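**Student:** Below is coords.pdb; it holds PDB, C-alpha atoms and all ligand atoms.
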```pdb
ATOM      1  CA  MET A  46      15.951  15.180  -2.536  1.00  0.00           C
ATOM      2  CA  ALA A  47      12.343  15.962  -1.520  1.00  0.00           C
ATOM      3  CA  SER A  48      11.764  17.171   2.042  1.00  0.00           C
ATOM      4  CA  GLY A  49      11.851  14.433   4.689  1.00  0.00           C
ATOM      5  CA  GLN A  50      13.667  12.119   2.276  1.00  0.00           C
ATOM      6  CA  LEU A  51      17.115  10.681   2.931  1.00  0.00           C
ATOM      7  CA  SER A  52      19.345   8.144   1.240  1.00  0.00           C
ATOM      8  CA  ARG A  53      19.390   4.526   2.445  1.00  0.00           C
ATOM      9  CA  ASP A  54      22.940   5.039   3.823  1.00  0.00           C
ATOM     10  CA  GLU A  55      22.027   8.268   5.658  1.00  0.00           C
ATOM     11  CA  ALA A  56      19.022   6.506   7.157  1.00  0.00           C
ATOM     12  CA  LEU A  57      21.200   3.678   8.478  1.00  0.00           C
ATOM     13  CA  GLU A  58      23.554   6.173  10.185  1.00  0.00           C
ATOM     14  CA  CYS A  59      20.739   7.089  12.589  1.00  0.00           C
ATOM     15  CA  SER A  60      21.287   4.566  15.381  1.00  0.00           C
ATOM     16  CA  GLN A  61      18.477   5.991  17.532  1.00  0.00           C
ATOM     17  CA  CYS A  62      15.886   5.722  14.733  1.00  0.00           C
ATOM     18  CA  ARG A  63      13.357   2.929  14.273  1.00  0.00           C
ATOM     19  CA  HIS A  64      13.035   1.519  10.768  1.00  0.00           C
ATOM     20  CA  ALA A  65      10.103   0.027   8.832  1.00  0.00           C
ATOM     21  CA  CYS A  66      10.316  -1.452   5.316  1.00  0.00           C
ATOM     22  CA  HIS A  67       7.420  -2.006   2.917  1.00  0.00           C
ATOM     23  CA  VAL A  68       7.254  -3.196  -0.684  1.00  0.00           C
ATOM     24  CA  MET A  69       4.969  -2.879  -3.696  1.00  0.00           C
ATOM     25  CA  LEU A  70       4.927  -6.186  -5.606  1.00  0.00           C
ATOM     26  CA  TYR A  71       3.637  -6.001  -9.162  1.00  0.00           C
ATOM     27  CA  SER A  72       3.555  -7.804 -12.507  1.00  0.00           C
ATOM     28  CA  ASN A  73       2.248  -7.409 -16.015  1.00  0.00           C
ATOM     29  CA  THR A  74      -0.858  -9.348 -17.050  1.00  0.00           C
ATOM     30  CA  ALA A  75      -2.721  -9.999 -20.281  1.00  0.00           C
ATOM     31  CA  SER A  76      -6.047 -10.692 -18.529  1.00  0.00           C
ATOM     32  CA  LYS A  77      -9.110  -8.620 -19.318  1.00  0.00           C
ATOM     33  CA  LEU A  78     -11.971  -7.604 -17.046  1.00  0.00           C
ATOM     34  CA  PHE A  79     -15.357  -8.733 -18.492  1.00  0.00           C
ATOM     35  CA  GLY A  80     -13.291 -10.093 -21.395  1.00  0.00           C
ATOM     36  CA  LYS A  81     -12.647  -6.595 -22.788  1.00  0.00           C
ATOM     37  CA  ILE A  82     -11.052  -4.145 -20.321  1.00  0.00           C
ATOM     38  CA  PRO A  83      -7.272  -4.766 -20.116  1.00  0.00           C
ATOM     39  CA  ILE A  84      -6.100  -5.127 -16.501  1.00  0.00           C
ATOM     40  CA  ARG A  85      -2.502  -4.484 -17.765  1.00  0.00           C
ATOM     41  CA  HIS A  86      -0.771  -4.785 -14.366  1.00  0.00           C
ATOM     42  CA  ILE A  87      -1.341  -6.551 -11.062  1.00  0.00           C
ATOM     43  CA  VAL A  88      -0.360  -4.320  -8.111  1.00  0.00           C
ATOM     44  CA  LEU A  89      -0.618  -5.889  -4.644  1.00  0.00           C
ATOM     45  CA  MET A  90      -1.680  -4.114  -1.453  1.00  0.00           C
ATOM     46  CA  GLN A  91      -3.261  -5.444   1.714  1.00  0.00           C
ATOM     47  CA  MET A  92      -6.134  -4.740   4.079  1.00  0.00           C
ATOM     48  CA  ARG A  93      -4.415  -4.342   7.436  1.00  0.00           C
ATOM     49  CA  PHE A  94      -5.611  -5.269  10.924  1.00  0.00           C
ATOM     50  CA  ASP A  95      -6.383  -1.576  11.562  1.00  0.00           C
ATOM     51  CA  GLY A  96      -8.793  -1.376   8.612  1.00  0.00           C
ATOM     52  CA  LEU A  97      -6.333   0.666   6.541  1.00  0.00           C
ATOM     53  CA  LEU A  98      -4.831  -0.232   3.182  1.00  0.00           C
ATOM     54  CA  GLY A  99      -1.044  -0.560   3.061  1.00  0.00           C
ATOM     55  CA  PHE A 100       1.880  -2.405   1.559  1.00  0.00           C
ATOM     56  CA  PRO A 101       3.264  -5.636   3.029  1.00  0.00           C
ATOM     57  CA  GLY A 102       6.258  -5.244   5.350  1.00  0.00           C
ATOM     58  CA  GLY A 103       6.969  -4.024   8.868  1.00  0.00           C
ATOM     59  CA  PHE A 104       9.551  -3.070  11.486  1.00  0.00           C
ATOM     60  CA  VAL A 105      13.199  -4.026  10.926  1.00  0.00           C
ATOM     61  CA  ASP A 106      16.093  -3.751  13.387  1.00  0.00           C
ATOM     62  CA  PRO A 107      19.241  -2.973  11.316  1.00  0.00           C
ATOM     63  CA  SER A 108      21.492  -3.993  14.228  1.00  0.00           C
ATOM     64  CA  GLU A 109      20.260  -7.570  13.758  1.00  0.00           C
ATOM     65  CA  GLU A 110      19.693  -7.863   9.990  1.00  0.00           C
ATOM     66  CA  THR A 111      19.943  -5.815   6.807  1.00  0.00           C
ATOM     67  CA  LEU A 112      16.868  -3.812   5.844  1.00  0.00           C
ATOM     68  CA  GLU A 113      16.240  -6.173   2.966  1.00  0.00           C
ATOM     69  CA  GLU A 114      16.645  -9.341   5.084  1.00  0.00           C
ATOM     70  CA  GLY A 115      14.215  -7.866   7.610  1.00  0.00           C
ATOM     71  CA  LEU A 116      11.728  -7.006   4.883  1.00  0.00           C
ATOM     72  CA  THR A 117      11.987 -10.534   3.445  1.00  0.00           C
ATOM     73  CA  ARG A 118      11.332 -11.939   6.951  1.00  0.00           C
ATOM     74  CA  GLU A 119       8.264  -9.700   7.329  1.00  0.00           C
ATOM     75  CA  LEU A 120       7.024 -10.860   3.916  1.00  0.00           C
ATOM     76  CA  LEU A 121       7.311 -14.491   5.007  1.00  0.00           C
ATOM     77  CA  GLU A 122       5.025 -13.744   7.970  1.00  0.00           C
ATOM     78  CA  GLU A 123       2.512 -11.694   5.981  1.00  0.00           C
ATOM     79  CA  LEU A 124       2.545 -13.492   2.623  1.00  0.00           C
ATOM     80  CA  GLY A 125       3.601 -17.031   3.549  1.00  0.00           C
ATOM     81  CA  ILE A 126       6.465 -16.810   1.007  1.00  0.00           C
ATOM     82  CA  ALA A 127       9.920 -15.262   1.581  1.00  0.00           C
ATOM     83  CA  VAL A 128       9.962 -13.036  -1.534  1.00  0.00           C
ATOM     84  CA  PRO A 129      13.627 -11.953  -1.739  1.00  0.00           C
ATOM     85  CA  VAL A 130      13.961  -8.156  -1.863  1.00  0.00           C
ATOM     86  CA  SER A 131      17.338  -6.571  -2.708  1.00  0.00           C
ATOM     87  CA  ILE A 132      18.995  -3.139  -2.471  1.00  0.00           C
ATOM     88  CA  GLU A 133      18.251  -2.641  -6.192  1.00  0.00           C
ATOM     89  CA  ASP A 134      14.526  -2.689  -5.356  1.00  0.00           C
ATOM     90  CA  HIS A 135      14.913   0.246  -2.896  1.00  0.00           C
ATOM     91  CA  VAL A 136      12.982   3.359  -3.988  1.00  0.00           C
ATOM     92  CA  GLU A 137      13.091   5.843  -1.111  1.00  0.00           C
ATOM     93  CA  SER A 138      13.610   6.344   2.606  1.00  0.00           C
ATOM     94  CA  ARG A 139      11.873   9.114   4.512  1.00  0.00           C
ATOM     95  CA  PHE A 140      10.962  10.169   8.030  1.00  0.00           C
ATOM     96  CA  SER A 141       7.425   9.226   9.035  1.00  0.00           C
ATOM     97  CA  THR A 142       5.193  12.234   9.654  1.00  0.00           C
ATOM     98  CA  SER A 143       2.355  10.273  11.239  1.00  0.00           C
ATOM     99  CA  PRO A 144       1.297  11.650  14.679  1.00  0.00           C
ATOM    100  CA  SER A 145       1.819   8.276  16.439  1.00  0.00           C
ATOM    101  CA  ALA A 146       5.381   8.027  15.074  1.00  0.00           C
ATOM    102  CA  SER A 147       6.322  11.586  16.093  1.00  0.00           C
ATOM    103  CA  SER A 148       4.971  11.111  19.630  1.00  0.00           C
ATOM    104  CA  SER A 149       7.682   8.468  20.226  1.00  0.00           C
ATOM    105  CA  SER A 150      11.161   9.756  21.224  1.00  0.00           C
ATOM    106  CA  ASN A 151      12.807   7.647  18.490  1.00  0.00           C
ATOM    107  CA  LYS A 152      12.062   8.843  14.981  1.00  0.00           C
ATOM    108  CA  LEU A 153      10.605   6.310  12.531  1.00  0.00           C
ATOM    109  CA  ILE A 154      12.207   6.004   9.088  1.00  0.00           C
ATOM    110  CA  LEU A 155      10.059   4.402   6.373  1.00  0.00           C
ATOM    111  CA  HIS A 156      11.879   2.533   3.608  1.00  0.00           C
ATOM    112  CA  PHE A 157       9.950   1.759   0.445  1.00  0.00           C
ATOM    113  CA  TYR A 158      10.759  -0.857  -2.183  1.00  0.00           C
ATOM    114  CA  VAL A 159       9.203  -1.925  -5.479  1.00  0.00           C
ATOM    115  CA  LYS A 160       9.680  -5.402  -6.958  1.00  0.00           C
ATOM    116  CA  LYS A 161       8.558  -6.614 -10.362  1.00  0.00           C
ATOM    117  CA  MET A 162       7.524 -10.278 -10.557  1.00  0.00           C
ATOM    118  CA  GLU A 163       6.003 -12.708 -13.020  1.00  0.00           C
ATOM    119  CA  GLU A 164       2.199 -13.010 -12.959  1.00  0.00           C
ATOM    120  CA  GLU A 165       2.517 -16.661 -11.866  1.00  0.00           C
ATOM    121  CA  GLN A 166       4.635 -15.634  -8.847  1.00  0.00           C
ATOM    122  CA  ILE A 167       2.064 -13.012  -7.860  1.00  0.00           C
ATOM    123  CA  ARG A 168      -0.642 -15.686  -7.995  1.00  0.00           C
ATOM    124  CA  GLU A 169       1.485 -17.929  -5.744  1.00  0.00           C
ATOM    125  CA  VAL A 170       1.889 -15.061  -3.268  1.00  0.00           C
ATOM    126  CA  GLU A 171      -1.875 -14.507  -3.215  1.00  0.00           C
ATOM    127  CA  LYS A 172      -2.518 -18.217  -2.609  1.00  0.00           C
ATOM    128  CA  ALA A 173       0.067 -18.508   0.180  1.00  0.00           C
ATOM    129  CA  ALA A 174      -1.096 -15.257   1.812  1.00  0.00           C
ATOM    130  CA  SER A 175      -4.625 -16.597   2.285  1.00  0.00           C
ATOM    131  CA  SER A 176      -3.597 -20.116   3.332  1.00  0.00           C
ATOM    132  CA  ILE A 177      -0.210 -20.596   5.027  1.00  0.00           C
ATOM    133  CA  ALA A 178       0.851 -17.058   6.047  1.00  0.00           C
ATOM    134  CA  SER A 179       1.086 -16.874   9.860  1.00  0.00           C
ATOM    135  CA  ASP A 180      -0.314 -13.304   9.873  1.00  0.00           C
ATOM    136  CA  HIS A 181      -3.413 -14.184   7.814  1.00  0.00           C
ATOM    137  CA  GLY A 182      -6.557 -13.076   9.637  1.00  0.00           C
ATOM    138  CA  LEU A 183      -4.407 -11.377  12.282  1.00  0.00           C
ATOM    139  CA  GLU A 184      -2.155  -8.513  11.129  1.00  0.00           C
ATOM    140  CA  VAL A 185      -3.297  -9.009   7.534  1.00  0.00           C
ATOM    141  CA  LEU A 186      -6.998  -9.345   6.708  1.00  0.00           C
ATOM    142  CA  GLY A 187      -6.399 -10.025   3.012  1.00  0.00           C
ATOM    143  CA  MET A 188      -4.343  -9.136  -0.038  1.00  0.00           C
ATOM    144  CA  VAL A 189      -6.013  -6.885  -2.612  1.00  0.00           C
ATOM    145  CA  ARG A 190      -5.233  -5.948  -6.202  1.00  0.00           C
ATOM    146  CA  VAL A 191      -5.368  -2.277  -7.145  1.00  0.00           C
ATOM    147  CA  PRO A 192      -7.714  -1.526 -10.079  1.00  0.00           C
ATOM    148  CA  LEU A 193      -5.728   0.667 -12.477  1.00  0.00           C
ATOM    149  CA  TYR A 194      -8.577   1.590 -14.841  1.00  0.00           C
ATOM    150  CA  THR A 195     -11.170   4.285 -14.120  1.00  0.00           C
ATOM    151  CA  PHE A 196     -14.657   3.967 -15.653  1.00  0.00           C
ATOM    152  CA  GLU A 197     -16.626   6.947 -16.967  1.00  0.00           C
ATOM    153  CA  SER A 198     -18.864   6.490 -13.908  1.00  0.00           C
ATOM    154  CA  GLY A 199     -15.786   7.016 -11.678  1.00  0.00           C
ATOM    155  CA  GLY A 200     -15.419   3.385 -10.519  1.00  0.00           C
ATOM    156  CA  GLY A 201     -11.989   1.742 -10.448  1.00  0.00           C
ATOM    157  CA  LEU A 202      -8.773   3.468  -9.381  1.00  0.00           C
ATOM    158  CA  SER A 203     -10.663   6.557  -8.194  1.00  0.00           C
ATOM    159  CA  CYS A 204     -12.812   4.476  -5.808  1.00  0.00           C
ATOM    160  CA  PHE A 205      -9.756   2.612  -4.600  1.00  0.00           C
ATOM    161  CA  LEU A 206      -7.919   5.885  -3.822  1.00  0.00           C
ATOM    162  CA  SER A 207     -10.893   7.145  -1.801  1.00  0.00           C
ATOM    163  CA  HIS A 208     -10.368   4.432   0.855  1.00  0.00           C
ATOM    164  CA  SER A 209      -8.200   5.102   3.931  1.00  0.00           C
ATOM    165  CA  PHE A 210      -4.474   4.271   3.814  1.00  0.00           C
ATOM    166  CA  ILE A 211      -1.763   3.825   6.459  1.00  0.00           C
ATOM    167  CA  GLY A 212       0.858   6.601   6.659  1.00  0.00           C
ATOM    168  CA  ASN A 213       1.993   7.717   3.226  1.00  0.00           C
ATOM    169  CA  ALA A 214       0.937   4.504   1.455  1.00  0.00           C
ATOM    170  CA  ARG A 215      -1.473   6.359  -0.850  1.00  0.00           C
ATOM    171  CA  SER A 216       1.268   8.670  -2.126  1.00  0.00           C
ATOM    172  CA  GLN A 217       3.706   5.729  -2.375  1.00  0.00           C
ATOM    173  CA  LEU A 218       1.125   4.008  -4.595  1.00  0.00           C
ATOM    174  CA  ILE A 219       0.462   7.066  -6.773  1.00  0.00           C
ATOM    175  CA  ASP A 220       4.201   7.892  -7.128  1.00  0.00           C
ATOM    176  CA  SER A 221       4.946   4.285  -8.125  1.00  0.00           C
ATOM    177  CA  LEU A 222       2.137   4.110 -10.696  1.00  0.00           C
ATOM    178  CA  LEU A 223       3.514   7.286 -12.303  1.00  0.00           C
ATOM    179  CA  ARG A 224       7.237   6.427 -12.073  1.00  0.00           C
ATOM    180  CA  LEU A 225       6.743   2.930 -13.529  1.00  0.00           C
ATOM    181  CA  HIS A 226       4.337   4.255 -16.198  1.00  0.00           C
ATOM    182  CA  LEU A 227       1.627   1.843 -15.021  1.00  0.00           C
ATOM    183  CA  VAL A 228      -0.987   4.632 -15.304  1.00  0.00           C
ATOM    184  CA  SER A 229      -0.656   7.826 -17.376  1.00  0.00           C
ATOM    185  CA  PRO A 230      -0.381  11.206 -15.563  1.00  0.00           C
ATOM    186  CA  LYS A 231      -3.691  12.251 -17.188  1.00  0.00           C
ATOM    187  CA  ASP A 232      -5.536   9.162 -15.902  1.00  0.00           C
ATOM    188  CA  ILE A 233      -4.035   9.494 -12.410  1.00  0.00           C
ATOM    189  CA  ARG A 234      -5.168  13.122 -12.256  1.00  0.00           C
ATOM    190  CA  ARG A 235      -8.681  12.169 -13.360  1.00  0.00           C
ATOM    191  CA  ALA A 236      -8.823   9.352 -10.789  1.00  0.00           C
ATOM    192  CA  ILE A 237      -7.646  11.628  -7.945  1.00  0.00           C
ATOM    193  CA  GLN A 238     -10.183  14.333  -8.820  1.00  0.00           C
ATOM    194  CA  SER A 239     -13.004  11.792  -8.999  1.00  0.00           C
ATOM    195  CA  SER A 240     -11.778  10.326  -5.705  1.00  0.00           C
ATOM    196  CA  GLN A 241     -12.004  13.752  -4.038  1.00  0.00           C
ATOM    197  CA  ARG A 242     -15.661  14.034  -5.113  1.00  0.00           C
ATOM    198  CA  MET A 243     -16.289  10.526  -3.744  1.00  0.00           C
ATOM    199  CA  GLN A 244     -14.884  11.552  -0.355  1.00  0.00           C
ATOM    200  CA  GLU A 245     -17.556  14.252  -0.094  1.00  0.00           C
ATOM    201  CA  GLN A 246     -20.205  11.618  -0.842  1.00  0.00           C
ATOM    202  CA  THR A 247     -18.690   9.360   1.859  1.00  0.00           C
ATOM    203  CA  VAL A 248     -19.059  12.103   4.478  1.00  0.00           C
ATOM    204  CA  GLN A 249     -22.748  12.448   3.569  1.00  0.00           C
ATOM    205  CA  ASP A 250     -23.304   8.640   3.563  1.00  0.00           C
ATOM    206  CA  LEU A 251     -21.730   8.303   7.002  1.00  0.00           C
ATOM    207  CA  GLN A 252     -23.951  11.077   8.361  1.00  0.00           C
ATOM    208  CA  VAL A 253     -27.051   9.249   7.051  1.00  0.00           C
ATOM    209  CA  ALA A 254     -25.759   5.963   8.545  1.00  0.00           C
ATOM    210  CA  LEU A 255     -25.183   7.669  11.904  1.00  0.00           C
ATOM    211  CA  GLU A 256     -28.681   9.146  11.969  1.00  0.00           C
ATOM    212  CA  LEU A 257     -30.206   5.758  11.050  1.00  0.00           C
ATOM    213  CA  THR A 258     -28.213   4.053  13.789  1.00  0.00           C
ATOM    214  CA  GLU A 259     -29.413   6.593  16.349  1.00  0.00           C
ATOM    215  CA  GLU A 260     -33.035   5.994  15.262  1.00  0.00           C
ATOM    216  CA  GLN A 261     -32.602   2.211  15.528  1.00  0.00           C
ATOM    217  CA  ARG A 262     -30.912   2.522  18.930  1.00  0.00           C
ATOM    218  CA  LYS A 263     -33.925   4.454  20.261  1.00  0.00           C
ATOM    219  CA  CYS A 264     -36.238   1.632  19.084  1.00  0.00           C
ATOM    220  CA  LEU A 265     -34.326  -1.049  21.033  1.00  0.00           C
TER     221      LEU A 265
HETATM  222  P1  LIG A 301       3.630  -2.465  10.112  1.00  0.00           P
HETATM  223  O1  LIG A 301       4.373  -3.378  11.043  1.00  0.00           O
HETATM  224  O2  LIG A 301       3.474  -3.011   8.730  1.00  0.00           O
HETATM  225  O3  LIG A 301       2.349  -1.951  10.686  1.00  0.00           O
HETATM  226  O4  LIG A 301       4.563  -1.206   9.867  1.00  0.00           O
HETATM  227  C1  LIG A 301       5.359  -0.593  10.863  1.00  0.00           C
HETATM  228  C2  LIG A 301       5.106   0.889  10.927  1.00  0.00           C
HETATM  229  O5  LIG A 301       5.169   1.495   9.656  1.00  0.00           O
HETATM  230  C3  LIG A 301       3.757   1.234  11.538  1.00  0.00           C
HETATM  231  O6  LIG A 301       4.013   2.229  12.501  1.00  0.00           O
HETATM  232  C4  LIG A 301       2.956   1.819  10.421  1.00  0.00           C
HETATM  233  O7  LIG A 301       2.246   2.936  10.894  1.00  0.00           O
HETATM  234  C5  LIG A 301       3.994   2.257   9.423  1.00  0.00           C
HETATM  235  N1  LIG A 301       3.568   1.965   8.049  1.00  0.00           N
HETATM  236  C6  LIG A 301       3.133   0.804   7.590  1.00  0.00           C
HETATM  237  N2  LIG A 301       2.917   0.843   6.251  1.00  0.00           N
HETATM  238  C7  LIG A 301       3.208   2.081   5.885  1.00  0.00           C
HETATM  239  C8  LIG A 301       3.201   2.747   4.663  1.00  0.00           C
HETATM  240  N3  LIG A 301       2.863   2.152   3.507  1.00  0.00           N
HETATM  241  N4  LIG A 301       3.530   4.023   4.647  1.00  0.00           N
HETATM  242  C9  LIG A 301       3.879   4.628   5.774  1.00  0.00           C
HETATM  243  N5  LIG A 301       3.925   4.056   6.966  1.00  0.00           N
HETATM  244  C10 LIG A 301       3.614   2.798   7.035  1.00  0.00           C
HETATM  245 MN    MN A 302       3.011  -5.079   8.287  1.00  0.00          MN
END
```
Give the structure from this file in structure tokens form.
**Tutor:**
Amino acid sequence: MASGQLSRDEALECSQCRHACHVMLYSNTASKLFGKIPIRHIVLMQMRFDGLLGFPGGFVDPSEETLEEGLTRELLEELGIAVPVSIEDHVESRFSTSPSASSSSNKLILHFYVKKMEEEQIREVEKAASSIASDHGLEVLGMVRVPLYTFESGGGLSCFLSHSFIGNARSQLIDSLLRLHLVSPKDIRRAIQSSQRMQEQTVQDLQVALELTEEQRKCL
């Protein structure tokens, strides 16, 4: 098992640990962008309250409910629909390495799930998430689909990967795209490399924006 990883059962033996469960919901689709570029798969993520991209889910207390019941409850709050998640959908459990999690005395274990759905069900989730979900506009600012294609110009998956993600959500996304064969290893590699170049551009853009803001502030 990779470092920091543990089995679901081992994770549950830690009574002092805190637990958080998140899930990647996805489906196949026949739709085409601009009528010609196959979308192939719909993969759902969300823009979180903290401005970071992540997967739906949240904290679960295993002394009160199973991990999967807790995750389903979190999904009801964030998506407006109680998408049932089962043990078979579990992918990995690992200790969080984020600085905020390690500053707490109780270690945080992150459980990750993947669930395949029908395209129609994904559409229902998207509708409910923006209308009846209690967390809409609060903990969740909106659901987003992940573009899986990368254009010659670099747009698409590479741009998406250059955004900021919560915890290890970016690697959970990349690992899942590879494991489920949603994107080929060659295309993932190309997207990551293009994304790295984009990050350098972002640093420069932010510097220009900062200088402009300073100029404008002086004029006020
Ligand atoms: P939430 O209630 O969804 O914010 O999640 C509970 C905890 O899990 C928070 O401390 C987050 O920092 C962390 N977390 C949320 N999503 C992820 C993710 N995809 N990968 C790693 N950590 C996450
Ligand atoms: Mn959450």
**Student:** Given all atoms listed in the file as the basis, pick out the residue of A:Leu227, A:Val248, A:Leu70, A:Val189 nearest to His86 (chain A).
**Tutor:**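 Distance minimum relative to His86 (chain A) lands on A:Leu227.
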**Student:** To verify the selection step, state as a PDB file with C-alpha atoms, in the frame of the given file which residues the PyMOL selection byres (((not hetatm)) within 6 of (chain A and resi 302)) yields on this input.
**Tutor:**
```pdb
ATOM      1  CA  PRO A 101       3.264  -5.636   3.029  1.00  0.00           C
ATOM      2  CA  GLY A 102       6.258  -5.244   5.350  1.00  0.00           C
ATOM      3  CA  GLY A 103       6.969  -4.024   8.868  1.00  0.00           C
TER       4      GLY A 103
END
```
**Student:** Taking only C-alpha atoms and all ligand atoms into account, report as a PyMOL selection string which residues have an atom no farther than 9 Å from an atom of ligand LIG 301 (chain A).
**Tutor:** chain A and resi 64-68+93-95+98-105+119+141-143+145-146+153-157+184+210-218
**Student:** If we count all atoms listed in the file, what is near Val159 (chain A) at a cut-off of 10 Å, once residues fewer than 2 positions away on the same chain are taken out, given as an MDAnalysis selection string?
**Tutor:** chainID A and resid 67:71 130:131 133:137 157 161:162 217 221 225
**Student:** Looking at all atoms listed in the file, which of A:Leu193, A:Ile132, A:Leu124, A:Leu57 is the one that sits closest to Asn73 (chain A)?
**Tutor:** A:Leu193
**Student:** Could you tell me which of A:Leu202, A:Leu255, A:Asp180, A:Arg242 comes closest to Val88 (chain A) if we count only C-alpha atoms?
**Tutor:**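 Among A:Leu202, A:Leu255, A:Asp180, A:Arg242, it is A:Leu202 that comes nearest to Val88 (chain A).
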**Student:** From the list A:Arg139, A:Lys263, A:His208, A:Arg235, which residue is nearest Ser48 (chain A) when using all atoms listed in the file?
**Tutor:**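 Distance minimum relative to Ser48 (chain A) lands on A:Arg139.
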**Student:** Closest to Gly49 (chain A) among A:Ser138, A:Gln91, A:Gln61, A:Ser240, using all atoms listed in the file?
**Tutor:**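 Residue with the minimum atom-to-atom distance to Gly49 (chain A): A:Ser138.
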**Student:** Given the file above and the PyMOL selection byres (((chain A and resi 173) around 12) and not hetatm), which residues are selected, and can you give them as an MDAnalysis selection string?
**Tutor:** chainID A and resid 120:128 166:172 174:181 187:188
**Student:** I'd like the interatomic distance between CA of Leu51 (chain A) and CA of Asn151 (chain A), to a tenth of an Å.
**Tutor:**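 Between CA of Leu51 (chain A) and CA of Asn151 (chain A) the gap works out to 16.4 Å.
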**Student:** Hey, what comes out of the PyMOL selection byres (((chain A and resi 85) around 8) and not hetatm) on this file? Could you write it as a PDB file with C-alpha atoms, in the frame of the given file?
**Tutor:**
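Output below, filename selection18.pdb:
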```pdb
ATOM      1  CA  ASN A  73       2.248  -7.409 -16.015  1.00  0.00           C
ATOM      2  CA  THR A  74      -0.858  -9.348 -17.050  1.00  0.00           C
ATOM      3  CA  ALA A  75      -2.721  -9.999 -20.281  1.00  0.00           C
ATOM      4  CA  SER A  76      -6.047 -10.692 -18.529  1.00  0.00           C
ATOM      5  CA  LYS A  77      -9.110  -8.620 -19.318  1.00  0.00           C
ATOM      6  CA  PRO A  83      -7.272  -4.766 -20.116  1.00  0.00           C
ATOM      7  CA  ILE A  84      -6.100  -5.127 -16.501  1.00  0.00           C
ATOM      8  CA  HIS A  86      -0.771  -4.785 -14.366  1.00  0.00           C
ATOM      9  CA  ILE A  87      -1.341  -6.551 -11.062  1.00  0.00           C
TER      10      ILE A  87
END
```
**Student:** Using all atoms of region 213-223 of chain A that appear in the file, construct an axis-aligned enclosing box with 8 Å of padding on every side and provide its centre coordinates and edge lengths in Å, rounded to one decimal, as AutoDock Vina command-line options.
**Tutor:**
```
--center_x 1.7 --center_y 6.3 --center_z -4.5 --size_x 22.4 --size_y 20.7 --size_z 31.5
```
**Student:** Output as a compact mmCIF listing (two decimals), in the coordinates of the input: region 248-260 of chain A, completed with N, CA and C atoms.
**Tutor:**
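Output contents, as saved in result_19.txt:
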```txt
# COMPACT_ATOMS: atom_id res chain seq x y z
N VAL A 248 -18.72 11.33 3.27
CA VAL A 248 -19.06 12.10 4.48
C VAL A 248 -20.58 12.14 4.63
N GLN A 249 -21.27 12.39 3.52
CA GLN A 249 -22.75 12.45 3.57
C GLN A 249 -23.33 11.07 3.93
N ASP A 250 -22.81 10.00 3.30
CA ASP A 250 -23.30 8.64 3.56
C ASP A 250 -23.15 8.28 5.03
N LEU A 251 -21.99 8.65 5.60
CA LEU A 251 -21.73 8.30 7.00
C LEU A 251 -22.68 9.06 7.92
N GLN A 252 -23.02 10.29 7.55
CA GLN A 252 -23.95 11.08 8.36
C GLN A 252 -25.33 10.40 8.35
N VAL A 253 -25.76 9.94 7.16
CA VAL A 253 -27.05 9.25 7.05
C VAL A 253 -27.01 7.97 7.89
N ALA A 254 -25.90 7.22 7.79
CA ALA A 254 -25.76 5.96 8.54
C ALA A 254 -25.82 6.23 10.05
N LEU A 255 -25.20 7.32 10.48
CA LEU A 255 -25.18 7.67 11.90
C LEU A 255 -26.60 7.99 12.39
N GLU A 256 -27.31 8.78 11.58
CA GLU A 256 -28.68 9.15 11.97
C GLU A 256 -29.57 7.91 12.04
N LEU A 257 -29.42 7.00 11.06
CA LEU A 257 -30.21 5.76 11.05
C LEU A 257 -29.91 4.93 12.29
N THR A 258 -28.62 4.85 12.63
CA THR A 258 -28.21 4.05 13.79
C THR A 258 -28.83 4.62 15.06
N GLU A 259 -28.83 5.94 15.16
CA GLU A 259 -29.41 6.59 16.35
C GLU A 259 -30.90 6.26 16.46
N GLU A 260 -31.60 6.32 15.30
CA GLU A 260 -33.03 5.99 15.26
C GLU A 260 -33.27 4.58 15.75
```
